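Shown here: run-v3.txt, compact mmCIF, C-alpha atoms.
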```txt
# COMPACT_ATOMS: atom_id res chain seq x y z
CA MET A 26 2.73 -10.91 -57.23
CA GLU A 27 2.88 -13.70 -59.79
CA PRO A 28 2.68 -17.23 -58.36
CA ILE A 29 6.04 -18.84 -57.63
CA ARG A 30 6.14 -21.99 -59.77
CA SER A 31 9.59 -23.43 -58.99
CA LEU A 32 12.22 -23.48 -56.25
CA GLU A 33 14.52 -21.38 -58.44
CA GLN A 34 11.82 -18.71 -58.60
CA LEU A 35 11.43 -19.01 -54.82
CA LYS A 36 15.13 -18.25 -54.31
CA LYS A 37 14.97 -15.27 -56.68
CA HIS A 38 11.92 -13.96 -54.83
CA ALA A 39 13.70 -14.27 -51.47
CA LYS A 40 16.55 -12.12 -52.75
CA ASP A 41 14.05 -9.34 -53.50
CA LEU A 42 12.64 -9.33 -49.97
CA PRO A 43 14.16 -7.83 -46.82
CA SER A 44 16.16 -10.75 -45.40
CA SER A 45 14.54 -12.77 -42.63
CA VAL A 46 16.86 -13.56 -39.72
CA VAL A 47 17.13 -17.27 -38.90
CA SER A 48 17.96 -18.42 -35.38
CA VAL A 49 20.00 -21.62 -35.87
CA VAL A 50 19.92 -23.91 -32.82
CA ARG A 51 23.12 -25.97 -32.39
CA ALA A 52 24.83 -24.59 -35.47
CA ASP A 53 27.95 -26.68 -34.78
CA GLU A 54 27.25 -29.02 -37.71
CA VAL A 55 28.78 -28.89 -41.19
CA GLU A 56 25.62 -29.97 -43.03
CA THR A 57 23.51 -27.28 -41.36
CA LEU A 58 26.09 -24.55 -41.92
CA THR A 59 26.54 -25.54 -45.57
CA ALA A 60 22.86 -24.76 -46.23
CA VAL A 61 22.97 -21.60 -44.10
CA LYS A 62 26.11 -20.44 -45.90
CA GLU A 63 24.52 -20.69 -49.33
CA ALA A 64 21.38 -18.87 -48.19
CA VAL A 65 23.36 -16.10 -46.46
CA GLU A 66 25.91 -15.63 -49.25
CA GLY A 67 23.07 -15.67 -51.79
CA GLY A 68 21.37 -12.75 -50.03
CA MET A 69 18.30 -14.84 -49.14
CA ILE A 70 18.51 -14.79 -45.32
CA GLU A 71 20.56 -13.51 -42.39
CA CYS A 72 21.35 -15.67 -39.38
CA ILE A 73 22.32 -15.94 -35.72
CA LEU A 74 24.30 -19.06 -34.79
CA ILE A 75 23.69 -20.67 -31.39
CA GLY A 76 25.62 -23.48 -29.70
CA PRO A 77 29.15 -24.30 -28.50
CA GLU A 78 31.21 -21.52 -30.06
CA ASP A 79 34.32 -23.62 -30.66
CA GLY A 80 32.22 -26.24 -32.42
CA ILE A 81 30.48 -23.62 -34.55
CA ARG A 82 33.78 -22.12 -35.66
CA LYS A 83 35.20 -25.57 -36.46
CA ALA A 84 32.12 -26.51 -38.51
CA ALA A 85 32.24 -23.16 -40.30
CA ARG A 86 35.86 -23.75 -41.32
CA GLU A 87 34.94 -27.18 -42.67
CA ALA A 88 32.04 -25.66 -44.58
CA ASP A 89 34.28 -22.85 -45.88
CA PHE A 90 31.84 -20.35 -44.39
CA ASP A 91 33.20 -16.94 -43.35
CA ILE A 92 31.30 -16.14 -40.14
CA SER A 93 33.45 -13.19 -39.08
CA ASN A 94 30.49 -10.81 -39.42
CA ILE A 95 27.85 -13.19 -38.09
CA ARG A 96 26.58 -13.13 -34.52
CA ILE A 97 27.36 -16.24 -32.46
CA VAL A 98 25.65 -16.93 -29.14
CA ASN A 99 27.62 -19.42 -27.07
CA ALA A 100 25.54 -22.17 -25.45
CA ALA A 101 26.93 -25.29 -23.85
CA ASP A 102 24.25 -27.88 -24.60
CA ASP A 103 20.99 -28.69 -26.38
CA LYS A 104 18.69 -27.33 -23.69
CA ASP A 105 20.39 -23.94 -23.42
CA SER A 106 20.79 -23.65 -27.19
CA ALA A 107 17.10 -24.35 -27.81
CA ALA A 108 15.96 -21.93 -25.11
CA ILE A 109 18.20 -19.14 -26.46
CA GLY A 110 17.15 -19.81 -30.05
CA VAL A 111 13.47 -19.61 -29.15
CA GLU A 112 13.97 -16.44 -27.09
CA LEU A 113 15.69 -14.70 -30.02
CA VAL A 114 12.58 -15.37 -32.10
CA ARG A 115 10.19 -14.38 -29.31
CA SER A 116 12.00 -11.08 -28.86
CA GLY A 117 11.86 -10.26 -32.57
CA GLU A 118 15.63 -10.44 -33.07
CA ALA A 119 15.04 -13.40 -35.38
CA HIS A 120 12.05 -14.34 -37.53
CA VAL A 121 12.59 -18.06 -38.18
CA LEU A 122 13.78 -20.90 -35.93
CA MET A 123 15.98 -23.65 -37.40
CA LYS A 124 16.93 -27.01 -35.90
CA GLY A 125 20.60 -27.90 -36.24
CA LEU A 126 22.45 -30.60 -34.29
CA VAL A 127 20.02 -30.37 -31.35
CA ALA A 128 17.86 -33.40 -30.49
CA THR A 129 14.38 -33.02 -31.98
CA SER A 130 12.66 -33.73 -28.64
CA THR A 131 14.64 -30.98 -26.87
CA PHE A 132 14.07 -28.57 -29.75
CA LEU A 133 10.29 -29.09 -29.82
CA LYS A 134 10.05 -28.97 -26.02
CA ALA A 135 11.49 -25.45 -26.13
CA VAL A 136 9.15 -24.48 -28.98
CA LEU A 137 6.08 -25.75 -27.10
CA ASN A 138 6.99 -24.37 -23.66
CA LYS A 139 3.80 -22.69 -22.42
CA GLU A 140 5.58 -19.72 -20.83
CA HIS A 141 8.66 -19.16 -22.95
CA GLY A 142 7.99 -20.99 -26.21
CA LEU A 143 6.57 -20.20 -29.62
CA ARG A 144 3.30 -22.03 -29.19
CA GLY A 145 0.64 -20.53 -31.46
CA LYS A 146 -3.11 -20.93 -31.34
CA GLY A 147 -3.12 -23.77 -33.85
CA LEU A 148 -1.62 -27.15 -34.58
CA LEU A 149 2.02 -27.64 -35.54
CA SER A 150 2.14 -29.26 -38.97
CA HIS A 151 4.72 -29.97 -41.66
CA VAL A 152 4.18 -28.37 -45.07
CA ALA A 153 6.40 -29.22 -48.04
CA ALA A 154 6.54 -27.41 -51.39
CA PHE A 155 7.76 -29.87 -54.03
CA ASP A 156 9.38 -29.01 -57.34
CA VAL A 157 8.44 -32.12 -59.34
CA PRO A 158 10.07 -32.45 -62.79
CA SER A 159 6.82 -33.70 -64.37
CA TYR A 160 4.50 -31.12 -62.74
CA PRO A 161 4.23 -27.57 -64.09
CA LYS A 162 4.24 -25.80 -60.70
CA LEU A 163 5.07 -26.30 -57.06
CA LEU A 164 2.99 -28.95 -55.31
CA VAL A 165 2.32 -28.35 -51.61
CA ILE A 166 1.73 -31.48 -49.51
CA THR A 167 0.96 -32.03 -45.83
CA ASP A 168 1.74 -33.68 -43.38
CA ALA A 169 4.68 -36.06 -43.79
CA ALA A 170 6.42 -35.46 -40.47
CA MET A 171 4.44 -34.12 -37.52
CA ASN A 172 0.91 -35.51 -37.14
CA ILE A 173 0.63 -39.30 -37.10
CA ALA A 174 -3.12 -39.96 -37.25
CA PRO A 175 -4.81 -36.55 -37.29
CA THR A 176 -8.47 -36.09 -36.49
CA THR A 177 -10.79 -34.30 -38.89
CA GLU A 178 -10.40 -31.10 -36.87
CA GLN A 179 -6.61 -31.44 -36.98
CA LYS A 180 -6.75 -32.01 -40.74
CA LYS A 181 -8.68 -28.76 -41.01
CA GLU A 182 -5.84 -26.96 -39.21
CA MET A 183 -3.25 -28.74 -41.35
CA LEU A 184 -5.00 -27.52 -44.49
CA GLU A 185 -5.19 -23.98 -43.08
CA ASN A 186 -1.42 -24.03 -42.47
CA ALA A 187 -0.78 -25.29 -46.01
CA ILE A 188 -3.01 -22.55 -47.42
CA ILE A 189 -0.87 -19.91 -45.67
CA VAL A 190 2.23 -21.38 -47.33
CA SER A 191 0.55 -21.42 -50.74
CA ARG A 192 -0.47 -17.78 -50.35
CA ALA A 193 3.12 -16.90 -49.38
CA LEU A 194 4.01 -18.45 -52.74
CA GLY A 195 1.74 -15.94 -54.45
CA ILE A 196 -1.22 -18.26 -55.06
CA GLU A 197 -4.22 -16.05 -54.33
CA VAL A 198 -6.86 -18.76 -54.74
CA PRO A 199 -5.15 -22.09 -54.04
CA LYS A 200 -6.64 -25.23 -55.52
CA CYS A 201 -6.83 -27.72 -52.65
CA THR A 202 -7.79 -31.35 -52.29
CA PHE A 203 -7.87 -34.21 -49.82
CA VAL A 204 -6.28 -37.18 -51.58
CA CYS A 205 -7.75 -40.62 -50.88
CA ALA A 206 -7.92 -43.91 -52.79
CA LYS A 207 -11.33 -43.05 -54.29
CA GLU A 208 -12.89 -39.86 -55.58
CA VAL A 209 -16.32 -40.53 -54.07
CA PRO A 210 -17.29 -40.86 -50.40
CA TYR A 211 -17.30 -44.52 -49.37
CA GLU A 212 -18.15 -45.60 -45.83
CA LYS A 213 -15.55 -48.38 -45.77
CA MET A 214 -12.83 -45.79 -46.49
CA PRO A 215 -13.06 -43.32 -43.59
CA CYS A 216 -10.77 -40.73 -45.17
CA THR A 217 -13.21 -40.31 -48.07
CA MET A 218 -15.94 -39.46 -45.55
CA GLU A 219 -13.63 -36.94 -43.87
CA ALA A 220 -12.90 -35.40 -47.27
CA ALA A 221 -16.61 -35.02 -47.90
CA GLU A 222 -16.95 -33.30 -44.52
CA MET A 223 -14.12 -30.93 -45.42
CA GLN A 224 -15.83 -30.23 -48.72
CA LYS A 225 -18.80 -28.95 -46.72
CA MET A 226 -16.46 -26.76 -44.65
CA ALA A 227 -14.89 -25.33 -47.80
CA ASP A 228 -18.30 -24.70 -49.37
CA ALA A 229 -19.29 -22.82 -46.20
CA GLY A 230 -16.24 -20.58 -46.55
CA GLU A 231 -14.34 -21.90 -43.52
CA PHE A 232 -11.02 -21.85 -45.42
CA GLY A 233 -11.48 -18.46 -47.04
CA ASN A 234 -10.99 -17.87 -50.73
CA ILE A 235 -9.89 -21.27 -52.01
CA LEU A 236 -11.10 -23.90 -54.46
CA PHE A 237 -11.57 -27.30 -52.83
CA ASP A 238 -12.54 -30.64 -54.27
CA GLY A 239 -12.37 -33.80 -52.21
CA PRO A 240 -12.02 -36.64 -52.06
CA LEU A 241 -9.83 -37.07 -55.13
CA ALA A 242 -7.52 -39.94 -56.00
CA LEU A 243 -3.94 -38.80 -56.57
CA ASP A 244 -4.08 -39.27 -60.34
CA LEU A 245 -7.13 -37.02 -60.52
CA ALA A 246 -5.48 -34.41 -58.30
CA VAL A 247 -2.45 -33.90 -60.54
CA SER A 248 -3.05 -35.44 -63.99
CA PRO A 249 -5.16 -33.65 -66.64
CA VAL A 250 -4.94 -36.86 -68.69
CA ALA A 251 -6.57 -38.89 -65.90
CA VAL A 252 -9.24 -36.21 -65.49
CA LYS A 253 -10.06 -36.40 -69.21
CA ILE A 254 -10.15 -40.21 -69.28
CA LYS A 255 -12.40 -40.43 -66.21
CA LYS A 256 -14.54 -37.50 -67.41
CA ILE A 257 -14.29 -35.63 -64.10
CA GLU A 258 -15.60 -32.06 -63.92
CA SER A 259 -13.68 -30.06 -61.33
CA LYS A 260 -11.91 -26.72 -60.94
CA VAL A 261 -9.20 -28.47 -58.91
CA ALA A 262 -8.69 -31.88 -60.54
CA GLY A 263 -5.55 -32.17 -62.63
CA ASP A 264 -4.19 -28.86 -61.36
CA ALA A 265 -3.96 -29.06 -57.54
CA ASP A 266 -1.77 -26.63 -55.61
CA VAL A 267 -2.28 -28.18 -52.17
CA VAL A 268 -2.63 -31.88 -51.36
CA LEU A 269 -3.77 -32.96 -47.90
CA LEU A 270 -3.01 -36.61 -47.10
CA PRO A 271 -5.00 -38.84 -44.70
CA ASP A 272 -2.17 -39.65 -42.27
CA ILE A 273 1.59 -39.53 -41.80
CA GLU A 274 2.09 -42.89 -43.51
CA ALA A 275 0.40 -41.85 -46.75
CA ALA A 276 2.11 -38.45 -46.69
CA ASN A 277 5.53 -39.91 -45.93
CA VAL A 278 5.25 -42.45 -48.76
CA LEU A 279 4.31 -39.70 -51.23
CA TYR A 280 7.05 -37.40 -49.85
CA LYS A 281 9.81 -39.99 -50.25
CA GLY A 282 8.42 -41.29 -53.53
CA LEU A 283 8.60 -37.80 -55.02
CA ILE A 284 12.21 -37.45 -53.86
CA PHE A 285 13.68 -40.85 -54.61
CA LEU A 286 11.59 -42.00 -57.59
CA ALA A 287 10.62 -38.74 -59.27
CA GLY A 288 13.84 -36.79 -58.64
CA SER A 289 12.04 -33.94 -56.92
CA GLU A 290 13.49 -31.26 -54.66
CA LEU A 291 11.56 -29.49 -51.94
CA GLY A 292 11.46 -26.81 -49.35
CA ALA A 293 9.59 -27.55 -46.12
CA VAL A 294 8.42 -25.57 -43.12
CA VAL A 295 6.69 -26.38 -39.84
CA MET A 296 3.67 -24.13 -39.45
CA GLY A 297 1.32 -23.44 -36.55
CA ALA A 298 3.80 -21.82 -34.17
CA LYS A 299 4.09 -18.04 -33.84
CA ASN A 300 6.93 -18.12 -36.39
CA PRO A 301 7.96 -20.56 -39.12
CA ILE A 302 10.26 -23.42 -38.10
CA VAL A 303 12.88 -25.24 -40.19
CA LEU A 304 13.02 -28.91 -39.18
CA THR A 305 15.02 -30.76 -41.82
CA SER A 306 15.95 -34.44 -41.99
CA ARG A 307 19.51 -35.75 -42.25
CA ALA A 308 18.38 -37.53 -45.43
CA ASP A 309 17.33 -34.25 -47.07
CA SER A 310 19.61 -33.07 -49.87
CA ALA A 311 21.68 -29.91 -49.48
CA GLU A 312 19.35 -28.25 -52.00
CA SER A 313 16.26 -29.19 -50.00
CA LYS A 314 17.81 -27.87 -46.78
CA LEU A 315 18.60 -24.61 -48.55
CA CYS A 316 15.09 -24.35 -50.00
CA SER A 317 13.56 -25.08 -46.58
CA LEU A 318 15.48 -22.13 -45.15
CA VAL A 319 14.40 -19.92 -48.02
CA LEU A 320 10.75 -21.01 -47.92
CA SER A 321 10.57 -20.36 -44.18
CA GLY A 322 12.00 -16.87 -44.66
CA VAL A 323 9.49 -16.12 -47.42
CA VAL A 324 6.63 -17.34 -45.21
CA ALA A 325 7.89 -15.19 -42.33
CA ALA A 326 7.94 -12.15 -44.63
CA TYR A 327 4.41 -12.95 -45.84
CA GLN A 328 3.14 -13.23 -42.27
CA GLY A 329 4.68 -9.88 -41.41
CA ARG A 330 7.19 -11.64 -39.17
```

Mind converting the file's structure to structure tokens?
Amino acid sequence: MEPIRSLEQLKKHAKDLPSSVVSVVRADEVETLTAVKEAVEGGMIECILIGPEDGIRKAAREADFDISNIRIVNAADDKDSAAIGVELVRSGEAHVLMKGLVATSTFLKAVLNKEHGLRGKGLLSHVAAFDVPSYPKLLVITDAAMNIAPTTEQKKEMLENAIIVSRALGIEVPKCTFVCAKEVPYEKMPCTMEAAEMQKMADAGEFGNILFDGPLALDLAVSPVAVKIKKIESKVAGDADVVLLPDIEAANVLYKGLIFLAGSELGAVVMGAKNPIVLTSRADSAESKLCSLVLSGVVAAYQGR
């Protein structure tokens, strides 16, 4: 498989795969159903819609989405909808879980339920694949949404989750980095020391077959020009596939800067559960919501569902 270098290529790839089934929790929302409609009608996913049936049908009419051949599971409220959505994934009837109108806290409580949830062995983390107009391939960043101030061990798990996404995108040997403000370890900047520790882990093979160089400043991670000017020798610098950020603040600033200043689109997925999870923001564009659905389905197919 050739590496997927754009979101358009991602959508084309999804059409060539057996469709993943997405369990949509509280599907009685026009914005959610608009994204689901495009993915379903484009042959990229299949879906099961969960929530108040009258509300789902009303939202579908407003979205001009023909759901006559789509399964609807009636559920009165957030709690029941989330529990049913999770159970459909647990049972194998669906492969991806998507948050709709349901409250995030209720949704994640059902996901993390020790007896009936989708809790995996690892850490839940948010992984976004950005299509940046000025970058020649998709740029995977983590974690702009889930982990506020992760420990070094949690950062290791976050990077492992991002590596799975990059491999689902066809990148056999992902080029990974930990972006900090400096490219050398400096005791007064703790994240640079963590990056140096993760470099040791990578050198010891703890992340499998990847290339890792950290710490790197952002310009050195993505700009061949900066690499040439600063005379840096690295197999990762200037050509990173995966960028790990120090904390949610740094990641969120980069995430929103890429969207609102650089005109980027993205697909995002929450990893670390037994199945991929779609957890979009109301501020995400329709295209990003669509690409998040598609990316999650592609990851599910890669993981063997």

- Query: Residues at most 10 Å from Ile97 in chain A, counting all atoms listed in the file, excluding those fewer than 4 positions away in the same chain, as number ranges by chain?
  - Reply: A: 49, 52, 72-78, 81-82, 92-93

- From CA of Leu133 in chain A to CA of Leu184 in chain A the spacing works out at 21.2 Å

Hey, which bits of range 221-299 of chain A sit within 12 Å of range 119-132 of chain A, and for each residue what's the closest pair of atoms and how far apart in Å (one decimal), counting only C-alpha atoms, rows by chain and increasing number, as CSV?
```
residue,atom,partner,partner_atom,distance
A:Ala293,CA,A:Met123,CA,11.5
A:Val294,CA,A:Met123,CA,9.7
A:Val295,CA,A:Leu122,CA,9.8
A:Met296,CA,A:Val121,CA,10.9
A:Ala298,CA,A:Leu122,CA,10.2
A:Lys299,CA,A:His120,CA,9.5
```

Go ahead and dump the residues you just picked, C-alpha atoms, as a CSV table (one decimal), in the frame of the given file.
```
chain,number,residue,atom,x,y,z
A,293,ALA,CA,9.6,-27.6,-46.1
A,294,VAL,CA,8.4,-25.6,-43.1
A,295,VAL,CA,6.7,-26.4,-39.8
A,296,MET,CA,3.7,-24.1,-39.4
A,298,ALA,CA,3.8,-21.8,-34.2
A,299,LYS,CA,4.1,-18.0,-33.8
```

What are the closest atom pairs, with distances in Å to one decimal, for all residues of range 41-151 of chain A lying within 7 Å of range 314-317 of chain A? Consider all atoms listed in the file, order rows by chain and residue number, and present the result as JSON lines.
```
{"residue": "A:Ala60", "atom": "CA", "partner": "A:Leu315", "partner_atom": "CA", "distance": 4.9}
{"residue": "A:Val61", "atom": "CA", "partner": "A:Leu315", "partner_atom": "CA", "distance": 6.9}
{"residue": "A:Ala64", "atom": "CA", "partner": "A:Leu315", "partner_atom": "CA", "distance": 6.4}
```

So that I have them on file, write out the residues from the current selection with C-alpha atoms, as a compact mmCIF listing (two decimals), in the coordinates of the input.
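out19.txt written:
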```txt
# COMPACT_ATOMS: atom_id res chain seq x y z
CA ALA A 60 22.86 -24.76 -46.23
CA VAL A 61 22.97 -21.60 -44.10
CA ALA A 64 21.38 -18.87 -48.19
```

- Query: So, counting only C-alpha atoms, which residue among A:Leu143, A:Ala135, A:Val268, A:Ala242 is closest to Lys200 in chain A?
  - Reply: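 Result for the nearest residue to Lys200 in chain A: A:Val268.
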
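The space separating CA of Pro28 in chain A from CA of Gly233 in chain A comes to 18.2 Å.
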
- Message: Nearest residue to Glu290 in chain A out of A:Gly322, A:Gly145, A:Pro158, A:Gly67, using all atoms listed in the file?
- Response: A:Pro158

Considering only C-alpha atoms, return as a short mmCIF file (atom, residue, chain, number, x, y, z; two decimals) with C-alpha atoms, keeping the file's coordinate frame whatever protein or nucleic-acid residues lie within 10 Å of Cys205 in chain A, sequence-local ones (same chain, fewer than 5 positions apart) excluded.
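Written file, selection.cif:
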```cif
data_model
loop_
_atom_site.label_atom_id
_atom_site.label_comp_id
_atom_site.auth_asym_id
_atom_site.auth_seq_id
_atom_site.Cartn_x
_atom_site.Cartn_y
_atom_site.Cartn_z
CA PRO A 210 -17.29 -40.86 -50.40
CA MET A 214 -12.83 -45.79 -46.49
CA PRO A 215 -13.06 -43.32 -43.59
CA CYS A 216 -10.77 -40.73 -45.17
CA THR A 217 -13.21 -40.31 -48.07
CA MET A 218 -15.94 -39.46 -45.55
CA GLU A 219 -13.63 -36.94 -43.87
CA ALA A 220 -12.90 -35.40 -47.27
CA GLY A 239 -12.37 -33.80 -52.21
CA PRO A 240 -12.02 -36.64 -52.06
CA LEU A 241 -9.83 -37.07 -55.13
CA ALA A 242 -7.52 -39.94 -56.00
CA LEU A 243 -3.94 -38.80 -56.57
CA ALA A 246 -5.48 -34.41 -58.30
CA LEU A 269 -3.77 -32.96 -47.90
CA LEU A 270 -3.01 -36.61 -47.10
CA PRO A 271 -5.00 -38.84 -44.70
CA ALA A 275 0.40 -41.85 -46.75
#
```

- Message: Residues within 12 Å of Ala251 in chain A, please, as number ranges by chain. Count all atoms listed in the file; anything in the same chain fewer than 4 positions from it doesn't count.
- Response: A: 241-247, 255-258, 262-264

Return as AutoDock Vina command-line options the centre and edge lengths, in Å with one decimal, of the box along x, y and z that encloses every atom of range 66-76 of chain A in the file, padded by 5 Å per side.
```
--center_x 22.1 --center_y -18.1 --center_z -40.7 --size_x 17.6 --size_y 20.7 --size_z 32.1
```

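You will find CA of Arg30 in chain A at 18.8 Å from CA of Ala325 in chain A.
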
Fewer than 6 positions away in the same chain doesn't count, so skip those; otherwise give me all residues within 9 Å of Glu118 in chain A, counting only C-alpha atoms, as a PDB file with C-alpha atoms, keeping the file's coordinate frame.
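Contents of the output file selection-v7.pdb:
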```
ATOM      1  CA  VAL A  46      16.860 -13.560 -39.720  1.00  0.00           C
ATOM      2  CA  SER A  48      17.960 -18.420 -35.380  1.00  0.00           C
ATOM      3  CA  GLU A 112      13.970 -16.440 -27.090  1.00  0.00           C
TER       4      GLU A 112
END
```

- Task: Select, from A:Leu149, A:Met183, A:Ile95, A:Val278, the residue with the minimum atom-to-atom distance to Gly297 in chain A, counting all atoms listed in the file.
- Result: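 Closest to Gly297 in chain A, using all atoms listed in the file: A:Leu149.
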
- Message: When you count all atoms listed in the file, which of these residues is closest to His141 in chain A: A:Ser116, A:Ser248, A:Thr167, A:Ser310?
- Response: A:Ser116

- Query: Which of these residues is nearest to Lys37 in chain A, using all atoms listed in the file: A:Ile235, A:Arg307, A:Ile70, A:Leu279?
  - Reply: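 Closest to Lys37 in chain A of all the choices is A:Ile70.
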
- Task: Do a neighbour search on Ala84 in chain A at 10 Å with all atoms listed in the file, toss out local chain neighbours closer than 4 positions, and write the hits as an NGL selection string.
- Result: :A and (52-59 or 78-80 or 88-90)

Pull range 212-224 of chain A out of the block and emit N, CA, C and O atoms, as an mmCIF file, in the first residue's frame.
```
data_model
loop_
_atom_site.group_PDB
_atom_site.id
_atom_site.type_symbol
_atom_site.label_atom_id
_atom_site.label_comp_id
_atom_site.auth_asym_id
_atom_site.auth_seq_id
_atom_site.Cartn_x
_atom_site.Cartn_y
_atom_site.Cartn_z
ATOM 1 N N GLU A 212 17.775 21.461 30.797
ATOM 2 C CA GLU A 212 17.142 21.139 32.075
ATOM 3 C C GLU A 212 16.029 22.105 32.467
ATOM 4 O O GLU A 212 15.099 21.733 33.175
ATOM 5 N N LYS A 213 16.116 23.362 32.051
ATOM 6 C CA LYS A 213 15.090 24.333 32.407
ATOM 7 C C LYS A 213 13.831 24.195 31.544
ATOM 8 O O LYS A 213 12.834 24.878 31.790
ATOM 9 N N MET A 214 13.886 23.336 30.524
ATOM 10 C CA MET A 214 12.726 23.034 29.697
ATOM 11 C C MET A 214 12.436 21.538 29.823
ATOM 12 O O MET A 214 12.991 20.724 29.095
ATOM 13 N N PRO A 215 11.583 21.173 30.794
ATOM 14 C CA PRO A 215 11.378 19.748 31.098
ATOM 15 C C PRO A 215 10.980 18.899 29.896
ATOM 16 O O PRO A 215 11.370 17.726 29.820
ATOM 17 N N CYS A 216 10.208 19.460 28.951
ATOM 18 C CA CYS A 216 9.768 18.631 27.831
ATOM 19 C C CYS A 216 10.947 18.187 26.967
ATOM 20 O O CYS A 216 10.912 17.115 26.373
ATOM 21 N N THR A 217 12.011 18.998 26.923
ATOM 22 C CA THR A 217 13.184 18.581 26.142
ATOM 23 C C THR A 217 13.864 17.379 26.798
ATOM 24 O O THR A 217 14.401 16.517 26.107
ATOM 25 N N MET A 218 13.818 17.319 28.114
ATOM 26 C CA MET A 218 14.409 16.179 28.832
ATOM 27 C C MET A 218 13.548 14.925 28.604
ATOM 28 O O MET A 218 14.078 13.820 28.463
ATOM 29 N N GLU A 219 12.229 15.117 28.581
ATOM 30 C CA GLU A 219 11.339 13.988 28.285
ATOM 31 C C GLU A 219 11.588 13.472 26.868
ATOM 32 O O GLU A 219 11.597 12.261 26.618
ATOM 33 N N ALA A 220 11.774 14.405 25.931
ATOM 34 C CA ALA A 220 12.033 14.008 24.546
ATOM 35 C C ALA A 220 13.314 13.192 24.445
ATOM 36 O O ALA A 220 13.381 12.204 23.704
ATOM 37 N N ALA A 221 14.321 13.598 25.195
ATOM 38 C CA ALA A 221 15.585 12.849 25.198
ATOM 39 C C ALA A 221 15.376 11.446 25.762
ATOM 40 O O ALA A 221 15.970 10.467 25.274
ATOM 41 N N GLU A 222 14.509 11.336 26.790
ATOM 42 C CA GLU A 222 14.193 10.024 27.356
ATOM 43 C C GLU A 222 13.462 9.160 26.329
ATOM 44 O O GLU A 222 13.736 7.952 26.195
ATOM 45 N N MET A 223 12.552 9.766 25.582
ATOM 46 C CA MET A 223 11.826 9.017 24.560
ATOM 47 C C MET A 223 12.743 8.640 23.406
ATOM 48 O O MET A 223 12.535 7.604 22.752
ATOM 49 N N GLN A 224 13.762 9.443 23.161
ATOM 50 C CA GLN A 224 14.743 9.067 22.148
ATOM 51 C C GLN A 224 15.436 7.772 22.541
ATOM 52 O O GLN A 224 15.659 6.885 21.709
#
```
